[in-house]
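Colleague: Just passing along the structure, written as structure tokens.
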Amino acid sequence: MTFSIVARCPATGRHGVAVATAVPAVGSMCPFTRAGTGAVSTQSWVNPYLALDLLDATAEGRPARAALDAVLAGDASRELRQIGVVDAAGAAAAFTGADCTPWCGHEIGDGFAVQGNMLTGPEVIAAMAAAFRTSEGMPLDERLMRAMEAGDAAGGDRRGRQSASLRLQGEEAYPALDLRVDEHPQPVTELRRVLGIARLQLVPFVDGMPKRGAPPGPAPAAVTAMLALAPPDRPGGGGSGPS
């Protein structure tokens with residue numbers, strides 16, 4: 001019911017997940033990240049506990065493949081699951097259960113895994129992996145977004161489109177970026193629009209938030225001044241788009 005990518009940026013060490021589906025609010029169910037640990041997307045018949053246990057296992061030092069095998073061994077319904085994981089070192093692993101709805105499958109690459117089920121065909125996964133590889137050197141949010149756009153253009157979910165999300169995890173316990181399009185006829189296209197605004201308005205705000213182990217400072221004056229404006233008057237706020 002879903003296509004996704006989990007990845008790690010070799011330059012920054014950040015982890016990320018991007019995912020889209022024909023069900024509302026995919027960002028509330030599938031993507032999981034943890035600082036210094038990794039990123040997971042749990043999908044098909046979603047089991048969030050697999051993702052949480054996977055992050056626990058990778059936090060203890062287990063590599064992605066061993067961690068994934070261990071948590072799946074304890075799930076009696078694992079053949080209904082699909083899951084992708086990338087660990088703190090960038091090692092990736094994925095699993096597609098035999099009972100996932102076709103077309104279903106995954107591809108693992110250097111620092112990433114793409115996976116999907118109930119897709120129009122294998123071209124969705126192939127396009128996502130190719131887009132991620134050819135965007136090497138770009139920021140992680142851009143690479144994830146391009147992978148999602150490629151999968152969407154290749155056909156995506158065979159039922160249609162409804163929601164999409166993009167989540168980045170940096171060094172802090174809270175996410176560096178957590179964007180969600182919960183109900184939209186073109187969620188990946190809308191996610192691209194929201195990402196553009198977030199880069200101008202949200203990212204500077206998050207960059208100024210308190211950091212663990214550092215004394216909290218005053219809010220950056222330029223950011224507070226920008227956010228005091230009405231949304232249409234801020235950078236990136238002048239355009240129109242679907243609500």
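The chains in the structure tokens are called A, B, ... from first to last as shown; in each chain the residues are counted from 1, and the ligands are counted from 1 in the order shown.
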Apply DSSP to the backbone of this structure and, from range 17-212 of chain A, keep only the residues in strand (DSSP E or B); write these as a PDB file with C-alpha atoms, in the first residue's frame.
Modeller:
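Saved result, part.pdb, follows:
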ATOM      1  CA  VAL A  17      12.562   8.613   5.580  1.00  0.00           C
ATOM      2  CA  ALA A  18      10.197   9.634   2.798  1.00  0.00           C
ATOM      3  CA  VAL A  19       6.989   7.729   2.124  1.00  0.00           C
ATOM      4  CA  ALA A  20       3.729   7.980   0.187  1.00  0.00           C
ATOM      5  CA  THR A  21       0.551   5.923   0.031  1.00  0.00           C
ATOM      6  CA  PRO A  31       8.415   6.549   9.336  1.00  0.00           C
ATOM      7  CA  PHE A  32      10.532   6.214  12.478  1.00  0.00           C
ATOM      8  CA  THR A  33      13.917   7.791  13.214  1.00  0.00           C
ATOM      9  CA  ARG A  34      16.212   8.176  16.194  1.00  0.00           C
ATOM     10  CA  GLY A  38      18.950   5.045  12.186  1.00  0.00           C
ATOM     11  CA  ALA A  39      15.749   5.294  10.193  1.00  0.00           C
ATOM     12  CA  VAL A  40      12.965   2.795   9.532  1.00  0.00           C
ATOM     13  CA  SER A  41       9.831   2.595   7.422  1.00  0.00           C
ATOM     14  CA  THR A  42       7.319  -0.063   8.499  1.00  0.00           C
ATOM     15  CA  GLN A  43       4.583  -0.702   5.944  1.00  0.00           C
ATOM     16  CA  SER A  44       2.196  -3.160   4.284  1.00  0.00           C
ATOM     17  CA  ARG A  81       5.124  -6.958   6.779  1.00  0.00           C
ATOM     18  CA  GLN A  82       7.391  -4.818   4.673  1.00  0.00           C
ATOM     19  CA  ILE A  83      10.161  -2.864   6.308  1.00  0.00           C
ATOM     20  CA  GLY A  84      13.291  -0.937   5.370  1.00  0.00           C
ATOM     21  CA  VAL A  85      16.049   0.178   7.733  1.00  0.00           C
ATOM     22  CA  VAL A  86      19.347   2.050   7.574  1.00  0.00           C
ATOM     23  CA  ASP A  87      21.617   2.071  10.612  1.00  0.00           C
ATOM     24  CA  ALA A  92      20.777  -0.846   4.899  1.00  0.00           C
ATOM     25  CA  ALA A  93      18.450  -3.824   4.948  1.00  0.00           C
ATOM     26  CA  ALA A  94      14.882  -4.532   3.856  1.00  0.00           C
ATOM     27  CA  PHE A  95      12.261  -7.265   4.039  1.00  0.00           C
ATOM     28  CA  THR A  96       9.180  -7.917   1.906  1.00  0.00           C
ATOM     29  CA  GLY A 105       9.575  -5.630  -3.569  1.00  0.00           C
ATOM     30  CA  HIS A 106      12.594  -3.678  -2.442  1.00  0.00           C
ATOM     31  CA  GLU A 107      16.104  -2.615  -3.450  1.00  0.00           C
ATOM     32  CA  ILE A 108      19.069  -2.016  -1.167  1.00  0.00           C
ATOM     33  CA  GLY A 109      21.903   0.318  -2.067  1.00  0.00           C
ATOM     34  CA  PHE A 112      19.650   3.475   1.446  1.00  0.00           C
ATOM     35  CA  ALA A 113      16.785   1.052   0.944  1.00  0.00           C
ATOM     36  CA  VAL A 114      13.646   1.554  -1.155  1.00  0.00           C
ATOM     37  CA  GLN A 115      10.583  -0.619  -0.722  1.00  0.00           C
ATOM     38  CA  GLY A 116       6.975  -0.741  -1.812  1.00  0.00           C
ATOM     39  CA  ASN A 117       3.864  -2.849  -2.076  1.00  0.00           C
ATOM     40  CA  LEU A 119       2.536  -0.749  -6.661  1.00  0.00           C
ATOM     41  CA  ASP A 157       0.563   3.110  -5.507  1.00  0.00           C
ATOM     42  CA  SER A 163      -0.709  11.177   1.648  1.00  0.00           C
ATOM     43  CA  ALA A 164       3.061  11.623   1.802  1.00  0.00           C
ATOM     44  CA  SER A 165       5.700  12.600   4.345  1.00  0.00           C
ATOM     45  CA  LEU A 166       9.376  13.420   4.702  1.00  0.00           C
ATOM     46  CA  ARG A 167      11.286  13.165   7.988  1.00  0.00           C
ATOM     47  CA  LEU A 168      14.920  14.052   8.725  1.00  0.00           C
ATOM     48  CA  GLN A 169      16.768  13.202  11.939  1.00  0.00           C
ATOM     49  CA  LEU A 177      12.376  18.204   9.663  1.00  0.00           C
ATOM     50  CA  ASP A 178       9.005  16.431   9.799  1.00  0.00           C
ATOM     51  CA  LEU A 179       6.670  17.315   6.931  1.00  0.00           C
ATOM     52  CA  ARG A 180       3.324  15.692   6.219  1.00  0.00           C
ATOM     53  CA  VAL A 181       0.686  15.939   3.537  1.00  0.00           C
TER      54      VAL A 181
END
Colleague: Write out as a VMD selection string the set of residues from range 22-229 of chain A that DSSP, computed on the backbone, places in helix (DSSP H, G or I).
Modeller: chain A and resid 26 to 28 48 to 59 64 to 73 78 to 80 123 to 134 140 to 153 187 to 207 221 to 227
Colleague: Residues within 9 Å of Ala219 in chain A, please, as a compact mmCIF listing (two decimals) with N, CA and C atoms, in the first residue's frame. Count only C-alpha atoms; anything in the same chain fewer than 2 positions from it doesn't count.
Modeller:
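Now in selection-v9.txt:
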# COMPACT_ATOMS: atom_id res chain seq x y z
N PHE A 205 13.95 28.23 11.92
CA PHE A 205 13.39 28.18 13.27
C PHE A 205 13.95 26.98 14.03
N GLY A 208 17.46 27.26 15.22
CA GLY A 208 17.64 28.12 16.38
C GLY A 208 17.09 27.55 17.67
N MET A 209 16.51 26.36 17.63
CA MET A 209 15.94 25.75 18.83
C MET A 209 17.05 25.24 19.77
N PRO A 216 20.72 27.19 26.31
CA PRO A 216 19.76 27.79 25.37
C PRO A 216 20.01 29.28 25.22
N GLY A 217 20.03 29.72 24.01
CA GLY A 217 20.26 31.14 23.74
C GLY A 217 18.97 31.82 23.34
N ALA A 221 16.99 36.81 16.10
CA ALA A 221 16.12 37.97 15.83
C ALA A 221 15.53 37.93 14.43
N ALA A 222 16.35 37.52 13.46
CA ALA A 222 15.85 37.51 12.08
C ALA A 222 14.72 36.50 11.91
N VAL A 223 14.82 35.37 12.63
CA VAL A 223 13.80 34.34 12.52
C VAL A 223 12.51 34.79 13.21
N THR A 224 12.64 35.35 14.40
CA THR A 224 11.43 35.81 15.10
C THR A 224 10.75 36.93 14.32
Colleague: Quick one: pull the distance between CA of Gly213 in chain A and CA of Arg14 in chain A, Å, one decimal.
Modeller: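 Distance reported for this atom pair: 18.7 Å.
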Colleague: A:Val6, A:Ala153, A:Val194, A:Leu80: which is nearest Glu123 in chain A, counting only C-alpha atoms?
Modeller: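 Among A:Val6, A:Ala153, A:Val194, A:Leu80, it is A:Ala153 that comes nearest to Glu123 in chain A.
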Colleague: Figure out the distance between CA of Val206 in chain A and CA of Gly27 in chain A, please, to one decimal in Å.
Modeller: 19.0 Å
Colleague: Choose the residue, out of A:Ala59, A:Arg159, A:Thr189, A:Ala131, that has the smallest atom-to-atom separation from Arg146 in chain A; count only C-alpha atoms.
Modeller: A:Ala131
